[in-house]
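As provided, protein10.txt (compact mmCIF, C-alpha atoms and all ligand atoms) reads as follows.
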# COMPACT_ATOMS: atom_id res chain seq x y z
CA MET A 1 15.34 32.09 7.95
CA TYR A 2 16.14 28.48 7.14
CA VAL A 3 13.67 26.34 5.20
CA CYS A 4 13.98 22.63 4.51
CA GLY A 5 14.19 22.28 0.76
CA MET A 6 13.83 19.44 -1.70
CA THR A 7 15.27 15.97 -1.78
CA VAL A 8 16.27 15.96 -5.43
CA TYR A 9 15.46 12.51 -6.87
CA ASP A 10 12.29 13.44 -8.78
CA LEU A 11 10.28 16.39 -10.09
CA CYS A 12 8.61 18.83 -7.68
CA HIS A 13 4.96 18.15 -6.84
CA LEU A 14 2.36 20.59 -5.59
CA GLY A 15 3.49 20.13 -1.96
CA HIS A 16 6.95 21.35 -2.95
CA ALA A 17 5.40 24.24 -4.87
CA ARG A 18 3.61 25.29 -1.72
CA VAL A 19 6.80 25.38 0.38
CA LEU A 20 8.59 27.33 -2.35
CA VAL A 21 5.81 29.89 -2.82
CA VAL A 22 4.86 30.33 0.85
CA PHE A 23 8.37 31.07 2.09
CA ASP A 24 9.13 33.23 -0.92
CA ALA A 25 6.10 35.37 -0.04
CA VAL A 26 7.17 35.44 3.62
CA THR A 27 10.65 36.64 2.62
CA ARG A 28 9.29 39.28 0.26
CA TYR A 29 6.89 40.59 2.89
CA MET A 30 9.52 40.72 5.64
CA ARG A 31 11.80 42.69 3.29
CA PHE A 32 8.92 45.03 2.44
CA SER A 33 8.42 45.50 6.20
CA GLY A 34 12.03 46.63 6.56
CA TYR A 35 13.67 43.46 7.85
CA ASP A 36 17.09 42.47 6.64
CA VAL A 37 16.42 38.85 5.67
CA THR A 38 18.93 36.12 4.93
CA TYR A 39 16.96 33.28 3.40
CA VAL A 40 18.60 29.85 3.35
CA ARG A 41 16.89 26.91 1.64
CA ASN A 42 18.87 23.69 1.55
CA ILE A 43 19.03 20.86 -0.98
CA THR A 44 19.16 17.24 0.19
CA ASP A 45 21.33 15.74 -2.52
CA ILE A 46 22.24 12.42 -0.90
CA ASP A 47 19.86 9.95 0.77
CA ASP A 48 18.42 6.43 0.38
CA LYS A 49 15.83 7.46 -2.22
CA ILE A 50 18.44 9.21 -4.33
CA ILE A 51 20.72 6.18 -4.21
CA ALA A 52 17.86 3.81 -5.06
CA ARG A 53 16.66 5.93 -8.00
CA ALA A 54 20.18 6.37 -9.40
CA ASN A 55 20.69 2.59 -9.22
CA GLU A 56 17.36 1.99 -10.99
CA ASN A 57 18.41 4.36 -13.75
CA GLY A 58 21.93 2.99 -13.88
CA GLU A 59 23.45 6.44 -13.46
CA ASP A 60 25.71 8.18 -10.99
CA PHE A 61 23.77 9.71 -8.10
CA SER A 62 25.24 13.15 -8.80
CA THR A 63 24.08 13.06 -12.44
CA LEU A 64 20.56 12.39 -11.14
CA THR A 65 20.65 15.12 -8.50
CA LYS A 66 22.10 17.71 -10.89
CA ARG A 67 19.23 17.07 -13.29
CA PHE A 68 16.56 17.46 -10.62
CA ILE A 69 18.19 20.51 -9.03
CA GLN A 70 18.02 22.13 -12.46
CA ALA A 71 14.36 21.07 -12.83
CA MET A 72 13.52 22.41 -9.35
CA HIS A 73 15.10 25.77 -10.20
CA GLU A 74 13.09 25.93 -13.43
CA ASP A 75 9.83 25.15 -11.59
CA ALA A 76 10.61 27.73 -8.90
CA SER A 77 11.23 30.35 -11.54
CA GLU A 78 7.91 29.54 -13.28
CA LEU A 79 6.19 30.07 -9.92
CA GLY A 80 7.81 33.50 -9.53
CA VAL A 81 9.96 32.26 -6.62
CA LEU A 82 13.16 34.28 -6.12
CA PRO A 83 16.35 32.31 -5.48
CA PRO A 84 17.21 32.05 -1.76
CA ASP A 85 20.30 33.93 -0.55
CA GLU A 86 22.05 30.66 0.13
CA GLU A 87 21.27 27.17 -1.08
CA PRO A 88 23.62 24.74 0.68
CA CYS A 89 23.75 21.07 -0.38
CA ALA A 90 24.38 18.15 1.96
CA THR A 91 27.25 16.84 -0.16
CA SER A 92 29.12 20.13 0.05
CA SER A 93 28.59 20.42 3.83
CA MET A 94 30.23 17.14 4.88
CA GLN A 95 32.94 18.69 7.08
CA ASP A 96 30.37 20.69 9.09
CA ILE A 97 28.12 17.64 9.42
CA ILE A 98 30.96 15.42 10.63
CA LYS A 99 32.09 18.10 13.08
CA MET A 100 28.62 18.31 14.63
CA VAL A 101 28.36 14.51 14.97
CA GLN A 102 31.77 14.51 16.68
CA THR A 103 30.66 17.21 19.10
CA LEU A 104 27.52 15.23 19.93
CA ILE A 105 29.62 12.12 20.68
CA GLU A 106 32.04 14.13 22.82
CA LYS A 107 29.19 15.64 24.81
CA GLY A 108 27.61 12.25 25.40
CA HIS A 109 24.56 12.76 23.17
CA ALA A 110 25.54 10.25 20.51
CA TYR A 111 27.16 6.84 20.29
CA THR A 112 28.47 4.45 17.67
CA ALA A 113 26.43 1.31 16.91
CA LYS A 114 26.40 -1.08 19.85
CA THR A 115 27.01 -4.18 17.79
CA ALA A 116 29.06 -3.67 14.70
CA GLY A 117 27.24 -6.24 12.59
CA ASP A 118 28.33 -6.75 9.01
CA ASP A 119 25.47 -4.64 7.71
CA ALA A 120 26.27 -1.52 9.69
CA PRO A 121 29.73 -0.98 11.07
CA GLY A 122 30.27 2.69 11.71
CA ASP A 123 26.67 3.81 12.25
CA VAL A 124 26.32 6.69 14.73
CA TYR A 125 23.06 7.28 16.65
CA TYR A 126 21.63 10.16 18.64
CA ASP A 127 20.67 9.16 22.18
CA VAL A 128 17.25 10.81 22.65
CA SER A 129 17.23 10.04 26.40
CA THR A 130 20.07 12.56 26.88
CA PHE A 131 18.01 15.51 25.66
CA GLU A 132 15.55 16.53 28.32
CA ASP A 133 13.40 18.68 26.07
CA TYR A 134 12.90 16.05 23.39
CA GLY A 135 9.37 16.49 22.03
CA LYS A 136 8.99 20.17 22.95
CA LEU A 137 8.14 21.25 19.40
CA SER A 138 5.58 18.59 18.58
CA GLY A 139 4.27 18.13 22.12
CA LYS A 140 5.19 14.45 22.10
CA LYS A 141 6.62 12.62 25.10
CA LEU A 142 9.23 9.88 24.88
CA GLU A 143 7.16 7.46 27.00
CA ASP A 144 4.15 7.91 24.73
CA LEU A 145 6.24 7.51 21.63
CA ARG A 146 7.76 4.32 22.96
CA ALA A 147 4.36 2.96 23.93
CA GLY A 148 2.52 4.10 20.84
CA GLU A 149 4.93 3.35 18.07
CA ARG A 150 5.69 -0.11 16.95
CA VAL A 151 9.32 0.50 16.41
CA ALA A 152 11.24 -2.55 15.37
CA VAL A 153 13.79 -3.58 17.95
CA ASP A 154 17.20 -2.78 16.60
CA GLU A 155 20.02 -4.26 18.60
CA ARG A 156 22.42 -1.62 17.38
CA LYS A 157 20.47 1.09 19.22
CA ASP A 158 20.00 1.77 22.94
CA ASP A 159 16.44 2.91 22.36
CA PRO A 160 14.21 2.30 19.34
CA LEU A 161 13.62 6.08 19.15
CA ASP A 162 17.31 6.89 18.77
CA PHE A 163 17.93 8.14 15.26
CA VAL A 164 20.85 7.84 12.90
CA LEU A 165 23.39 10.66 12.53
CA TRP A 166 25.88 8.85 10.33
CA LYS A 167 25.17 5.84 8.15
CA ALA A 168 27.95 3.45 7.25
CA ALA A 169 28.22 2.85 3.52
CA LYS A 170 27.22 -0.48 2.04
CA PRO A 171 29.40 -1.76 -0.78
CA GLY A 172 28.96 0.29 -3.95
CA GLU A 173 27.20 3.21 -2.24
CA PRO A 174 28.46 6.77 -2.54
CA SER A 175 30.37 7.61 0.65
CA TRP A 176 32.50 10.15 2.44
CA ASP A 177 35.39 9.57 4.84
CA SER A 178 34.67 10.08 8.52
CA PRO A 179 36.18 9.13 11.91
CA TRP A 180 33.66 6.21 11.88
CA GLY A 181 34.59 4.93 8.45
CA LYS A 182 33.09 5.60 5.04
CA GLY A 183 29.48 6.63 5.11
CA ARG A 184 26.93 9.39 4.65
CA PRO A 185 24.94 11.64 6.98
CA GLY A 186 21.46 10.97 8.27
CA TRP A 187 18.82 13.38 7.01
CA HIS A 188 18.21 15.29 10.26
CA ILE A 189 21.84 16.17 10.98
CA GLU A 190 22.39 17.80 7.61
CA CYS A 191 19.78 20.48 8.37
CA SER A 192 21.23 21.17 11.82
CA ALA A 193 24.70 21.54 10.31
CA MET A 194 23.70 23.59 7.26
CA SER A 195 21.43 25.99 9.15
CA THR A 196 24.01 26.61 11.88
CA CYS A 197 26.74 27.00 9.33
CA CYS A 198 24.84 29.63 7.32
CA LEU A 199 22.99 31.45 10.12
CA GLY A 200 24.82 30.74 13.40
CA ASN A 201 23.85 28.67 16.46
CA HIS A 202 20.74 30.72 17.15
CA PHE A 203 18.59 32.23 14.42
CA ASP A 204 15.11 33.61 13.91
CA ILE A 205 12.87 31.46 11.75
CA HIS A 206 12.90 27.83 10.67
CA GLY A 207 10.30 26.72 8.17
CA GLY A 208 9.11 23.68 6.28
CA GLY A 209 6.09 21.53 5.57
CA GLN A 210 3.84 20.35 8.40
CA ASP A 211 4.99 16.78 7.80
CA LEU A 212 8.51 17.77 8.91
CA GLN A 213 7.56 18.93 12.40
CA PHE A 214 8.00 15.43 13.77
CA PRO A 215 10.44 13.84 13.74
CA HIS A 216 12.64 15.96 11.44
CA HIS A 217 12.42 19.31 13.19
CA GLU A 218 12.20 17.77 16.64
CA ASN A 219 15.44 15.95 15.89
CA GLU A 220 17.06 19.12 14.54
CA ILE A 221 16.35 20.85 17.86
CA ALA A 222 17.75 17.91 19.83
CA GLN A 223 20.92 17.86 17.74
CA SER A 224 21.54 21.59 17.55
CA GLU A 225 20.73 22.53 21.13
CA ALA A 226 22.71 19.57 22.49
CA ALA A 227 25.69 20.44 20.30
CA THR A 228 25.75 24.21 20.85
CA GLY A 229 24.09 24.64 24.24
CA GLU A 230 22.08 27.52 22.79
CA THR A 231 18.46 27.99 21.79
CA PHE A 232 18.26 26.86 18.17
CA VAL A 233 15.35 28.80 16.65
CA ASN A 234 13.02 31.58 17.80
CA LEU A 235 10.05 30.72 15.61
CA TRP A 236 8.91 27.62 13.73
CA MET A 237 6.65 27.99 10.71
CA HIS A 238 5.00 24.96 9.15
CA ASN A 239 2.86 25.17 6.05
CA GLY A 240 -0.17 22.87 5.90
CA PHE A 241 -0.67 19.79 3.77
CA VAL A 242 -1.78 19.82 0.17
CA ARG A 243 -4.87 17.73 -0.42
CA ILE A 244 -5.89 16.60 -3.83
CA ASP A 245 -9.28 15.69 -5.14
CA ASN A 246 -8.19 12.41 -6.65
CA GLU A 247 -11.17 11.97 -8.96
CA LYS A 248 -10.61 15.29 -10.59
CA MET A 249 -6.92 14.77 -10.72
CA SER A 250 -7.07 11.52 -12.63
CA LYS A 251 -9.60 12.99 -15.05
CA SER A 252 -7.69 16.04 -16.14
CA LEU A 253 -4.09 15.56 -15.18
CA GLY A 254 -3.40 11.87 -14.81
CA ASN A 255 -2.09 10.66 -11.50
CA PHE A 256 1.46 11.87 -11.87
CA PHE A 257 0.91 15.10 -10.10
CA THR A 258 3.93 17.31 -10.62
CA VAL A 259 4.26 21.07 -10.97
CA ARG A 260 5.11 20.43 -14.63
CA GLU A 261 1.86 18.59 -15.18
CA ILE A 262 -0.09 21.55 -13.81
CA LEU A 263 2.04 24.00 -15.81
CA LYS A 264 0.76 22.40 -19.01
CA LEU A 265 -2.71 23.63 -18.12
CA TYR A 266 -2.12 26.71 -15.97
CA LYS A 267 0.44 29.48 -15.89
CA GLY A 268 2.98 29.59 -13.07
CA GLU A 269 1.47 32.77 -11.67
CA GLU A 270 -1.97 31.15 -11.60
CA ILE A 271 -0.56 28.31 -9.50
CA ARG A 272 1.18 30.86 -7.26
CA TYR A 273 -2.09 32.75 -6.79
CA PHE A 274 -3.92 29.51 -5.98
CA VAL A 275 -1.31 28.69 -3.29
CA LEU A 276 -1.51 32.17 -1.74
CA ALA A 277 -5.31 32.16 -1.74
CA SER A 278 -5.07 29.91 1.35
CA GLN A 279 -3.39 30.93 4.58
CA TYR A 280 -0.14 28.96 4.81
CA ARG A 281 -1.10 26.87 7.85
CA SER A 282 -4.46 25.73 6.40
CA PRO A 283 -4.75 22.67 4.24
CA LEU A 284 -4.59 23.49 0.54
CA ASN A 285 -7.11 21.63 -1.54
CA TYR A 286 -6.33 21.17 -5.17
CA SER A 287 -9.11 21.19 -7.71
CA ASP A 288 -9.27 22.37 -11.31
CA GLN A 289 -12.10 24.64 -10.22
CA LEU A 290 -9.87 26.46 -7.73
CA LEU A 291 -7.15 26.83 -10.35
CA ASP A 292 -9.80 28.24 -12.70
CA THR A 293 -10.82 30.68 -9.98
CA ALA A 294 -7.19 31.75 -9.63
CA ARG A 295 -7.03 32.27 -13.39
CA THR A 296 -10.14 34.45 -13.42
CA ALA A 297 -8.92 36.47 -10.45
CA LEU A 298 -5.52 37.16 -11.99
CA SER A 299 -7.07 38.06 -15.35
CA ARG A 300 -9.25 40.60 -13.58
CA LEU A 301 -6.26 42.13 -11.83
CA TYR A 302 -4.15 42.30 -14.98
CA ASN A 303 -7.12 43.67 -16.92
CA THR A 304 -7.35 46.43 -14.33
CA LEU A 305 -3.74 47.44 -15.02
CA ARG A 306 -4.03 47.01 -18.79
CA ASP A 307 -2.77 49.98 -20.81
CA LEU A 308 -2.11 52.07 -17.69
CA ASP A 309 1.32 53.65 -17.35
CA VAL A 310 1.81 52.72 -13.68
CA PRO A 311 4.68 54.53 -11.91
CA GLU A 312 7.06 52.81 -9.47
CA GLU A 313 6.35 55.33 -6.71
CA TYR A 314 3.20 54.67 -4.75
CA ASP A 315 1.36 56.45 -1.95
CA GLU A 316 2.59 54.76 1.24
CA ASN A 317 -0.18 56.50 3.18
CA ASP A 318 -2.97 54.95 1.16
CA ALA A 319 -5.40 53.24 3.56
CA ALA A 320 -5.00 50.00 1.62
CA VAL A 321 -1.31 49.77 2.54
CA ASP A 322 -2.25 49.72 6.20
CA LYS A 323 -4.94 47.10 5.68
CA PHE A 324 -2.55 44.96 3.68
CA LYS A 325 0.06 45.14 6.45
CA GLN A 326 -2.53 44.27 9.10
CA ALA A 327 -3.49 41.17 7.13
CA MET A 328 0.10 40.06 6.57
CA ASP A 329 1.17 40.85 10.14
CA ASP A 330 -1.59 38.49 11.25
CA ASP A 331 0.50 35.37 10.61
CA PHE A 332 0.80 36.06 6.89
CA ASN A 333 -2.91 36.07 6.14
CA THR A 334 -2.52 36.09 2.36
CA PRO A 335 -6.23 35.52 1.55
CA GLU A 336 -7.04 38.69 3.47
CA ALA A 337 -4.17 40.53 1.76
CA LEU A 338 -5.56 39.45 -1.63
CA ALA A 339 -8.95 40.83 -0.63
CA VAL A 340 -7.29 44.23 -0.05
CA ILE A 341 -5.74 44.00 -3.52
CA PHE A 342 -9.14 43.23 -5.06
CA ASP A 343 -10.68 46.15 -3.29
CA LEU A 344 -8.00 48.35 -4.85
CA ALA A 345 -8.75 46.89 -8.29
CA ASN A 346 -12.40 47.87 -7.92
CA GLN A 347 -11.35 51.40 -7.04
CA VAL A 348 -9.01 51.61 -10.03
CA ASN A 349 -11.70 50.37 -12.41
CA LYS A 350 -14.15 52.97 -11.12
CA LEU A 351 -11.57 55.76 -11.34
CA ARG A 352 -10.70 54.77 -14.91
CA GLU A 353 -14.12 56.03 -15.94
CA SER A 354 -13.77 59.44 -14.32
CA ASP A 355 -10.23 60.42 -13.34
CA MET A 356 -7.36 58.74 -15.18
CA GLY A 357 -4.71 60.49 -13.04
CA ALA A 358 -6.23 59.20 -9.82
CA ALA A 359 -6.67 55.75 -11.40
CA VAL A 360 -2.97 55.59 -12.20
CA GLN A 361 -2.05 56.65 -8.63
CA LYS A 362 -4.29 53.93 -7.16
CA ALA A 363 -2.95 51.41 -9.64
CA ALA A 364 0.57 52.12 -8.33
CA VAL A 365 -0.54 51.07 -4.84
CA LEU A 366 -2.27 48.00 -6.26
CA LYS A 367 0.78 46.93 -8.24
CA LYS A 368 3.18 47.50 -5.34
CA LEU A 369 1.17 45.41 -2.88
CA ALA A 370 0.63 42.63 -5.42
CA ASN A 371 4.38 42.63 -6.14
CA VAL A 372 5.05 42.09 -2.42
CA LEU A 373 3.23 38.75 -2.87
CA GLY A 374 5.15 38.09 -6.09
CA LEU A 375 2.07 38.78 -8.24
CA LEU A 376 1.38 41.17 -11.15
CA GLU A 377 5.07 41.34 -12.03
CA GLN A 378 4.44 40.69 -15.73
CA ASP A 379 3.36 43.02 -18.51
CA PRO A 380 -0.48 42.96 -18.40
CA VAL A 381 -1.00 42.56 -22.15
CA LYS A 382 1.61 39.80 -22.34
CA PHE A 383 0.00 37.98 -19.44
CA LEU A 384 -3.54 38.33 -20.77
CA GLN A 385 -2.63 37.23 -24.27
CA SER A 386 -0.40 34.28 -23.35
CA GLY A 387 -1.76 30.85 -22.57
CA ALA A 388 -0.48 27.99 -20.45
CA ALA A 389 1.90 25.70 -22.32
CA GLU A 390 -0.86 23.57 -23.89
CA SER A 391 -3.25 26.30 -24.88
CA ASP A 392 -0.53 28.31 -26.56
CA ASP A 393 -1.34 27.38 -30.15
CA GLY A 394 0.98 29.95 -31.69
CA ALA A 395 -1.88 31.40 -33.75
CA ASP A 396 -1.50 35.01 -34.88
CA ILE A 397 -4.49 36.50 -33.09
CA ASP A 398 -3.72 40.08 -34.13
CA ALA A 399 -3.77 39.00 -37.78
CA LEU A 400 -7.18 37.34 -37.27
CA ILE A 401 -8.56 40.46 -35.61
CA ASP A 402 -7.24 42.62 -38.46
CA ALA A 403 -8.86 40.25 -40.97
CA ARG A 404 -12.15 40.49 -39.07
CA ASN A 405 -11.98 44.28 -39.05
CA ALA A 406 -11.25 44.27 -42.79
CA ALA A 407 -14.23 41.97 -43.41
CA ARG A 408 -16.47 44.33 -41.44
CA GLU A 409 -15.23 47.32 -43.43
CA ASN A 410 -16.05 45.43 -46.62
CA LYS A 411 -19.45 44.58 -45.14
CA ASP A 412 -18.59 40.87 -45.49
CA TRP A 413 -20.57 39.96 -42.39
CA ALA A 414 -20.40 36.22 -42.99
CA GLU A 415 -16.60 36.31 -43.00
CA ALA A 416 -16.51 38.61 -39.96
CA ASP A 417 -18.78 36.20 -38.05
CA ARG A 418 -16.74 33.21 -39.15
CA ILE A 419 -13.56 34.78 -37.75
CA ARG A 420 -15.38 35.75 -34.56
CA ASP A 421 -16.46 32.12 -34.10
CA GLU A 422 -12.92 30.95 -34.76
CA LEU A 423 -11.61 33.32 -32.06
CA ASP A 424 -14.35 32.19 -29.67
CA ALA A 425 -13.37 28.57 -30.16
CA MET A 426 -9.79 29.47 -29.29
CA GLY A 427 -10.92 31.06 -26.05
CA ILE A 428 -10.11 34.58 -27.23
CA VAL A 429 -12.18 37.33 -25.65
CA LEU A 430 -12.55 40.64 -27.51
CA GLU A 431 -13.15 43.70 -25.38
CA ASP A 432 -13.54 47.41 -25.88
CA LYS A 433 -11.10 49.26 -23.70
CA ASP A 434 -10.82 53.06 -23.86
CA GLY A 435 -12.39 53.01 -27.36
CA LYS A 436 -10.16 50.29 -28.87
CA THR A 437 -10.78 46.60 -29.46
CA VAL A 438 -8.34 44.59 -27.34
CA TRP A 439 -8.14 40.86 -26.78
CA ARG A 440 -7.18 38.39 -24.09
CA ARG A 441 -7.38 34.68 -23.49
CA SER A 442 -10.32 33.56 -21.38
ZN ZN B 501 15.45 19.89 7.08
Target encoding structure tokens, full file:
Amino acid sequence: MYVCGMTVYDLCHLGHARVLVVFDAVTRYMRFSGYDVTYVRNITDIDDKIIARANENGEDFSTLTKRFIQAMHEDASELGVLPPDEEPCATSSMQDIIKMVQTLIEKGHAYTAKTAGDDAPGDVYYDVSTFEDYGKLSGKKLEDLRAGERVAVDERKDDPLDFVLWKAAKPGEPSWDSPWGKGRPGWHIECSAMSTCCLGNHFDIHGGGQDLQFPHHENEIAQSEAATGETFVNLWMHNGFVRIDNEKMSKSLGNFFTVREILKLYKGEEIRYFVLASQYRSPLNYSDQLLDTARTALSRLYNTLRDLDVPEEYDENDAAVDKFKQAMDDDFNTPEALAVIFDLANQVNKLRESDMGAAVQKAAVLKKLANVLGLLEQDPVKFLQSGAAESDDGADIDALIDARNAARENKDWAEADRIRDELDAMGIVLEDKDGKTVWRRS
């Protein structure tokens, strides 16, 4: 499976988080189902936006991209996203990219710029008219595209829809040597080259955000199939858009909407749960309320596992396993899969009152299935007692609870109430569990 990854000139936003989480869950589920998965997610580490941002900052482009690759890895880890098996970068795939452009020229699918004006000697374009199936992924037709799009006439191209494979370098830009002079690859060709290089000419799944279907993925098909003569990909998966309630966003988060902004208020696993609570193709609507719902849901699940010694082995024949698989086999229906997990939690909570042994057995199924979605991987008490970055005040809650218990023993009710109020104000919930007082953050 190849998934289009980040262009690393800024911090990841919620749209990036969705791609990371969705395809991580897909990989985990396919492995759980017995498939041998090689997951490749690329990094676009050279493009116009990167060059522009590095110039703005007055730094080398590679200093900028290194910083944001590091930041992306940190965000992914907060979201419980496992590293892909391979993570190729455009800048380290130049030979493969150049080779593919050469093949496309040799086979008559690409040409160098018609007029070598001062601004672009050495540009190479893909000739869309040479690829009969152009538009087969998005259902678009060349005639309609030509009629419908106001594409600026560009005298260097045969057809306004032709797209760039190799961009000649302007003075001062980072560049690589090529048969067409110094330059850098277009965005589309890097994904064709990197996916083929890692997975072969023909592979199973290609994923990415819905916004990439056209033209990015359409162009990848045109490039790869023209270059190799083989079918490129068996299955395309596109996750839906992320929509944001702007009013709410500006109120609570400001308008710079990055994963890091959300991580100040919510834990990574809460964001992950929120993403998986929608099926991947549906639009994902952000609101604080939905993040709060995710928080409550996860607290309930962790509370269910609290203080249980859950074994690794689980009963594969439990009816819930089958239901979970049915949901996930139905185009990765994660909301339905989460419903199965909640049903299991209800069963565990009931069994905890009557049959601890059976509760632990059920909890093993619950934990296993949640783990397949990358959830409930933390220690329950740690999760329940830790806050998101901003709510973690570092207070010693256990010491406060001990002080309250001491006050009660001394019949100092005023002091006991005062501490209780203090804990309330901090969002600490006290609960009786199996005869002990335990606490968690609300
Ligand atoms: Zn791509």
Protein and nucleic residues near ligand ZN 501 (chain B), 10 Å, only C-alpha atoms and all ligand atoms, as a PyMOL selection string: chain A and resi 2-7+41-44+187-195+206-209+212-213+216-217+219-220
With all atoms listed in the file as the basis for distance, which of A:Lys170, A:Lys264, A:Arg243, A:Arg28 is at the shortest distance from Leu82 in chain A?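 The answer is A:Arg28, which sits nearest to Leu82 in chain A.
Atom pair CA of Glu269 in chain A / CA of Tyr29 in chain A: separated by 17.4 Å.
Minimum atom-to-atom distances from A:Asp154, A:Glu132, A:Asp417, A:Glu270 to Leu376 in chain A were compared using only C-alpha atoms, and the lowest value belongs to A:Glu270.
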Separation of CA of Arg146 in chain A from CA of Lys167 in chain A, in Å and rounded to one decimal: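 Answer for the CA of Arg146 in chain A to CA of Lys167 in chain A separation: 22.9 Å.
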CA of Gly387 in chain A and CA of Gly435 in chain A, how far apart in Å? 25.0 Å
If we count all atoms listed in the file and set the cut-off at 10 Å, which residues sit around Ala17 in chain A, ignoring sequence neighbours fewer than 5 positions away in its own chain? Please answer as an mmCIF file with C-alpha atoms, keeping the file's coordinate frame.
data_model
loop_
_atom_site.group_PDB
_atom_site.id
_atom_site.type_symbol
_atom_site.label_atom_id
_atom_site.label_comp_id
_atom_site.auth_asym_id
_atom_site.auth_seq_id
_atom_site.Cartn_x
_atom_site.Cartn_y
_atom_site.Cartn_z
ATOM 1 C CA CYS A 12 8.610 18.830 -7.680
ATOM 2 C CA VAL A 22 4.860 30.330 0.850
ATOM 3 C CA MET A 72 13.520 22.410 -9.350
ATOM 4 C CA ASP A 75 9.830 25.150 -11.590
ATOM 5 C CA ALA A 76 10.610 27.730 -8.900
ATOM 6 C CA LEU A 79 6.190 30.070 -9.920
ATOM 7 C CA VAL A 81 9.960 32.260 -6.620
ATOM 8 C CA VAL A 242 -1.780 19.820 0.170
ATOM 9 C CA THR A 258 3.930 17.310 -10.620
ATOM 10 C CA VAL A 259 4.260 21.070 -10.970
ATOM 11 C CA ILE A 271 -0.560 28.310 -9.500
ATOM 12 C CA ARG A 272 1.180 30.860 -7.260
ATOM 13 C CA VAL A 275 -1.310 28.690 -3.290
#
Of the candidates A:Phe61, A:Trp180, A:Tyr134, A:Tyr9, which shows the shortest atom-to-atom distance to Asp162 in chain A, using only C-alpha atoms?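 The closest residue to Asp162 in chain A is A:Tyr134.
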So which one's closest to Leu375 in chain A, A:Ala90, A:Ser442, A:Asp24, A:Phe241? Using all atoms listed in the file, please.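 When distances to Leu375 in chain A are compared using all atoms listed in the file, the smallest one comes from A:Asp24.
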Extract, using only C-alpha atoms, all DNA, RNA and protein residues at most 12 Å from Lys140 in chain A, discarding same-chain residues fewer than 6 positions from it, and format them as a tab-separated table (two decimals) with C-alpha atoms, in the coordinates of the input.
chain	number	residue	atom	x	y	z
A	133	ASP	CA	13.40	18.68	26.07
A	134	TYR	CA	12.90	16.05	23.39
A	146	ARG	CA	7.76	4.32	22.96
A	147	ALA	CA	4.36	2.96	23.93
A	148	GLY	CA	2.52	4.10	20.84
A	149	GLU	CA	4.93	3.35	18.07
A	213	GLN	CA	7.56	18.93	12.40
A	214	PHE	CA	8.00	15.43	13.77
A	215	PRO	CA	10.44	13.84	13.74
A	218	GLU	CA	12.20	17.77	16.64
If we count all atoms listed in the file, what is near range 278-287 of chain A at a cut-off of 8 Å, once residues fewer than 5 positions away on the same chain are taken out, given as JSON, numbers by chain? {"A": [22, 238, 239, 240, 241, 242, 243, 244, 245, 248, 249, 332, 333, 334, 335]}
Mind listing whatever residues come within 7 Å of the point (26.0, 16.9, 21.7)? Use all atoms listed in the file, file coordinates, and give them as a list in words. Thr103, Leu104, Ile105, Glu106, Lys107, Gly108, His109, Ala110, Gln223, Ala226 and Ala227 of chain A
Residue neighbourhood range 51-59 of chain A, 8 Å, all atoms listed in the file, exclusion window fewer than 3 positions, as a PyMOL selection string: chain A and resi 9+46-48+63-64+173-174
Contacts of Asp318 in chain A at 12 Å (only C-alpha atoms; same-chain gap of 6+ positions) as a list in words: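 Residues meeting the cut-off are Phe324, Lys325, Val340, Leu344, Gln361, Lys362, Ala363, Ala364, Val365, Leu366, Lys368 and Leu369 of chain A.
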Can you tell me, as a count of residues only, which residues sit within 7 Å of (-4.7, 27.3, -15.2) in the file's frame, using all atoms listed in the file? 8
Residue nearest Val381 in chain A - candidates A:Arg440, A:Glu415, A:Glu336, A:Gly357, atoms counted: all atoms listed in the file: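 Under the stated criterion, the closest residue is A:Arg440.
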Selected residue of minimal separation from Ile97 in chain A among A:Ser33, A:Thr65, A:Thr38, A:Thr196, counting all atoms listed in the file: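 The answer is A:Thr196, which sits nearest to Ile97 in chain A.
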